[in-house]
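Source file target15.txt; content: compact mmCIF, C-alpha atoms and all ligand atoms.
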# COMPACT_ATOMS: atom_id res chain seq x y z
CA MET A 250 13.85 -22.32 -13.86
CA PRO A 251 13.03 -18.73 -12.86
CA GLN A 252 15.15 -16.10 -14.57
CA CYS A 253 16.61 -12.92 -13.13
CA LEU A 254 15.21 -9.91 -14.96
CA GLU A 255 16.91 -6.62 -15.76
CA ILE A 256 15.94 -3.90 -13.28
CA SER A 257 14.61 -0.68 -14.80
CA GLN A 258 16.24 2.38 -13.29
CA LEU A 259 15.00 5.87 -12.54
CA GLY A 260 14.90 7.66 -15.88
CA ALA A 261 13.26 4.73 -17.69
CA SER A 262 9.73 5.83 -18.61
CA VAL A 263 8.20 2.64 -17.16
CA ILE A 264 9.24 3.81 -13.66
CA ARG A 265 7.08 6.96 -14.04
CA THR A 266 4.12 5.34 -15.82
CA PRO A 267 1.04 4.34 -13.79
CA ALA A 268 0.63 0.56 -14.18
CA GLN A 269 -2.34 -1.27 -15.72
CA LYS A 270 -4.50 -3.78 -13.83
CA VAL A 271 -3.64 -7.45 -14.40
CA PRO A 272 -6.73 -8.82 -16.23
CA ASN A 273 -6.07 -12.51 -15.53
CA VAL A 274 -3.65 -13.83 -12.90
CA GLN A 275 -3.75 -17.44 -14.03
CA THR A 276 -1.97 -17.13 -17.36
CA PRO A 277 1.43 -18.79 -17.79
CA GLU A 278 2.91 -15.35 -18.63
CA ILE A 279 1.84 -13.82 -15.29
CA GLN A 280 2.80 -16.92 -13.28
CA THR A 281 6.26 -16.91 -14.91
CA LEU A 282 6.61 -13.17 -14.32
CA ILE A 283 5.82 -13.71 -10.60
CA ASP A 284 8.47 -16.46 -10.33
CA ASP A 285 11.03 -14.35 -12.20
CA MET A 286 10.30 -11.29 -10.02
CA ILE A 287 10.78 -13.36 -6.84
CA ALA A 288 14.12 -14.67 -8.20
CA THR A 289 15.20 -11.14 -9.21
CA CYS A 290 14.25 -9.73 -5.80
CA GLN A 291 16.17 -12.45 -3.94
CA ASP A 292 19.19 -12.13 -6.23
CA SER A 293 19.29 -8.34 -5.67
CA LYS A 294 18.83 -8.69 -1.87
CA GLY A 295 15.71 -6.53 -2.09
CA ALA A 296 12.81 -6.78 0.36
CA GLY A 297 10.33 -6.29 -2.44
CA ILE A 298 9.94 -5.51 -6.12
CA ALA A 299 7.19 -4.16 -8.34
CA ALA A 300 6.48 -5.17 -11.95
CA PRO A 301 7.37 -1.72 -13.43
CA GLN A 302 10.86 -2.24 -11.97
CA VAL A 303 11.35 -5.17 -14.34
CA GLY A 304 9.86 -3.34 -17.30
CA HIS A 305 6.24 -4.55 -17.01
CA SER A 306 3.67 -1.80 -16.47
CA LEU A 307 1.36 -4.06 -14.45
CA CYS A 308 -0.22 -3.80 -10.98
CA LEU A 309 1.79 -6.61 -9.45
CA LEU A 310 4.26 -6.46 -6.58
CA ILE A 311 6.28 -8.92 -4.52
CA MET A 312 6.86 -8.60 -0.79
CA ALA A 313 9.76 -10.82 0.28
CA SER A 314 10.92 -9.46 3.58
CA ALA A 315 13.77 -11.24 5.33
CA PRO A 316 16.63 -9.99 7.48
CA ASN A 317 19.69 -9.35 5.30
CA LYS A 318 22.61 -6.96 5.00
CA ARG A 319 20.47 -4.23 3.41
CA TYR A 320 17.64 -4.63 5.99
CA PRO A 321 18.97 -6.32 9.15
CA ASN A 322 15.73 -5.70 11.10
CA ALA A 323 13.30 -6.92 8.46
CA PRO A 324 10.76 -9.53 9.62
CA LEU A 325 10.56 -12.84 7.79
CA MET A 326 7.77 -13.01 5.20
CA GLU A 327 7.58 -15.72 2.53
CA PRO A 328 7.79 -14.16 -0.95
CA THR A 329 4.21 -13.11 -1.65
CA ALA A 330 2.71 -11.78 -4.88
CA LEU A 331 0.10 -9.04 -4.47
CA ILE A 332 -1.89 -8.47 -7.67
CA ASN A 333 -4.07 -5.40 -8.29
CA PRO A 334 -3.57 -4.25 -4.67
CA ARG A 335 -5.82 -1.57 -3.21
CA ILE A 336 -5.33 0.51 -0.07
CA LEU A 337 -8.45 0.30 2.14
CA ALA A 338 -7.21 2.33 5.10
CA LEU A 339 -4.08 4.16 6.27
CA SER A 340 -3.23 5.14 9.83
CA GLU A 341 -2.96 8.86 10.52
CA GLU A 342 0.18 8.06 12.48
CA LYS A 343 3.35 8.13 10.38
CA GLU A 344 6.98 7.36 11.10
CA LYS A 345 10.21 8.16 9.28
CA ASP A 346 12.77 5.51 8.48
CA TRP A 347 15.42 4.72 5.90
CA GLU A 348 14.60 3.27 2.49
CA GLY A 349 16.53 2.31 -0.59
CA CYS A 350 15.35 1.16 -4.00
CA LEU A 351 16.74 -1.28 -6.57
CA SER A 352 15.79 1.24 -9.29
CA ILE A 353 17.73 4.07 -7.62
CA PRO A 354 21.06 2.52 -6.59
CA GLY A 355 23.49 4.47 -4.46
CA ILE A 356 20.84 6.53 -2.65
CA ARG A 357 19.08 6.21 0.70
CA ALA A 358 16.45 8.49 2.18
CA ARG A 359 14.44 8.90 5.37
CA VAL A 360 10.84 8.60 4.25
CA PRO A 361 7.67 9.25 6.26
CA ARG A 362 5.16 6.41 5.87
CA HIS A 363 1.86 5.48 7.49
CA CYS A 364 2.51 3.06 10.40
CA HIS A 365 -0.43 0.79 9.55
CA VAL A 366 -2.05 0.00 6.24
CA GLU A 367 -5.05 -2.17 5.41
CA VAL A 368 -5.03 -3.62 1.90
CA ALA A 369 -6.95 -5.91 -0.44
CA TYR A 370 -5.32 -7.78 -3.31
CA ILE A 371 -5.61 -10.84 -5.52
CA ASP A 372 -3.12 -13.63 -4.75
CA ARG A 373 -1.40 -15.77 -7.39
CA GLU A 374 -4.20 -18.36 -7.14
CA ALA A 375 -6.69 -15.56 -8.03
CA LYS A 376 -8.21 -15.48 -4.53
CA VAL A 377 -9.14 -12.14 -2.94
CA GLN A 378 -7.07 -11.47 0.19
CA HIS A 379 -7.17 -8.84 2.92
CA ALA A 380 -4.13 -7.92 4.97
CA LEU A 381 -3.10 -5.52 7.69
CA PHE A 382 0.56 -4.48 7.59
CA ASP A 383 2.46 -2.68 10.37
CA GLY A 384 5.90 -1.18 10.75
CA PHE A 385 8.48 -2.47 8.26
CA LEU A 386 5.87 -4.37 6.22
CA ALA A 387 3.58 -1.31 6.06
CA ARG A 388 6.57 0.70 4.82
CA LEU A 389 7.54 -1.99 2.30
CA PHE A 390 3.99 -2.20 0.95
CA GLN A 391 3.72 1.59 0.56
CA HIS A 392 7.12 1.73 -1.19
CA GLU A 393 6.17 -1.01 -3.68
CA PHE A 394 2.63 0.32 -4.16
CA ASP A 395 4.11 3.70 -5.11
CA HIS A 396 5.90 1.98 -8.03
CA LEU A 397 2.44 1.02 -9.39
CA ILE A 398 1.40 4.69 -9.53
CA GLY A 399 4.64 6.00 -11.01
CA LYS A 400 6.05 7.30 -7.71
CA VAL A 401 9.44 6.59 -6.11
CA PHE A 402 10.62 6.99 -2.51
CA ILE A 403 12.54 10.21 -3.06
CA ASP A 404 9.21 11.84 -4.08
CA ARG A 405 7.96 11.22 -0.52
CA VAL A 406 10.70 12.87 1.56
CA ASP A 407 9.88 15.89 3.74
CA SER A 408 13.15 17.53 2.77
CA THR A 409 15.86 16.82 0.19
CA GLU A 410 18.23 16.90 3.20
CA ASP A 411 16.77 13.50 4.11
CA ILE A 412 18.44 12.03 0.98
CA ILE A 413 22.00 10.70 1.36
CA THR A 414 24.37 8.48 -0.58
CA GLU A 415 24.71 4.76 0.10
CA LYS A 416 28.36 5.35 1.01
CA GLU A 417 27.44 7.87 3.74
CA TYR A 418 24.59 5.59 4.88
CA GLN A 419 27.08 2.73 5.33
CA ARG A 420 29.38 5.11 7.21
CA LEU A 421 26.52 6.19 9.51
CA PHE A 422 25.28 2.73 10.41
CA TYR A 423 28.02 0.18 9.87
CA MET A 424 31.31 1.83 10.81
ZN ZN A 501 11.66 0.71 -5.09

For the file at hand, write its structure as structure tokens.
Ligand SMILES: [Zn+2]
Amino acid sequence: MPQCLEISQLGASVIRTPAQKVPNVQTPEIQTLIDDMIATCQDSKGAGIAAPQVGHSLCLLIMASAPNKRYPNAPLMEPTALINPRILALSEEKEKDWEGCLSIPGIRARVPRHCHVEVAYIDREAKVQHALFDGFLARLFQHEFDHLIGKVFIDRVDSTEDIITEKEYQRLFYM
């Protein structure tokens, strides 16, 4: 049975440490970590999670987009593990939208992100995959990829005035 893992929070050194490449995807340790990260992401109602967020400094992220209370407009994407992802191309066009992060609870920010991103990664069966993400999924990928290089979403804001509390965010959008 997959286990829910403890989520590392901003301030933990693992959140600011660039992650190491996964040398071999098909070990029981990595396969278990993937299953546990998917369970942790679903339990926390996140749209994605990166290995440093569960204390593993490894280039591994999960995208698990589905509409929920935190992200009502998220498209449905089966939980997918992206191992050793690389960015091949980014659109010049950017757009700003709201993000939150399981490692920085209580905070939301409007973050500019590239609208389109082309990526390569290894899947959990060790096959090389290419993908083109747009809109919410492009944003989600860039947010999770940042965790692999020791960055978090509040590093990417244009202005600190784009950072607000979760309570005010709820007031803005749900009251
Ligand atoms: Zn995050």

Handout entry: Exercise: Glu342 in chain A partners within 9 Å, all atoms listed in the file, chain neighbours under 2 positions left out, as a VMD selection string
Key = chain A and resid 339 to 340 344 362 to 365

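Take CA of Pro267 in chain A and CA of Ile283 in chain A: the distance between them is 18.9 Å.
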
Handout entry: Of the listed residues A:Leu381, A:Ile311, A:Leu325, A:Ile371, that which approaches ligand ZN 501 (chain A) most closely, counting all atoms listed in the file
Key = A:Ile311

Practice task
Collect all residues with atoms no farther than 6 Å from ligand ZN 501 (chain A), counting all atoms listed in the file, and output them as a ChimeraX atom specification.
Solution key: /A:350-352,393

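Excluding Asn273 in chain A and any residue on its chain fewer than 2 positions from it, the residues at most 10 Å away by all atoms listed in the file are Lys270, Val271, Gln275, Thr276, Glu278, Ile279, Ile332, Arg373 and Ala375 of chain A.
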
Problem - Residue neighbourhood Pro361 in chain A, 8 Å, only C-alpha atoms, exclusion window fewer than 6 positions, as a VMD selection string - result: chain A and resid 343 to 346 405 to 407

Handout entry: One-decimal distance in Å that lies between CA of Val303 in chain A and CA of Gln378 in chain A
Key = 24.3 Å

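Ranking A:Thr266, A:Ser408, A:Ser293, A:Gln280 by their shortest atom-to-atom distance to Leu254 in chain A, with only C-alpha atoms included, puts A:Ser293 first.
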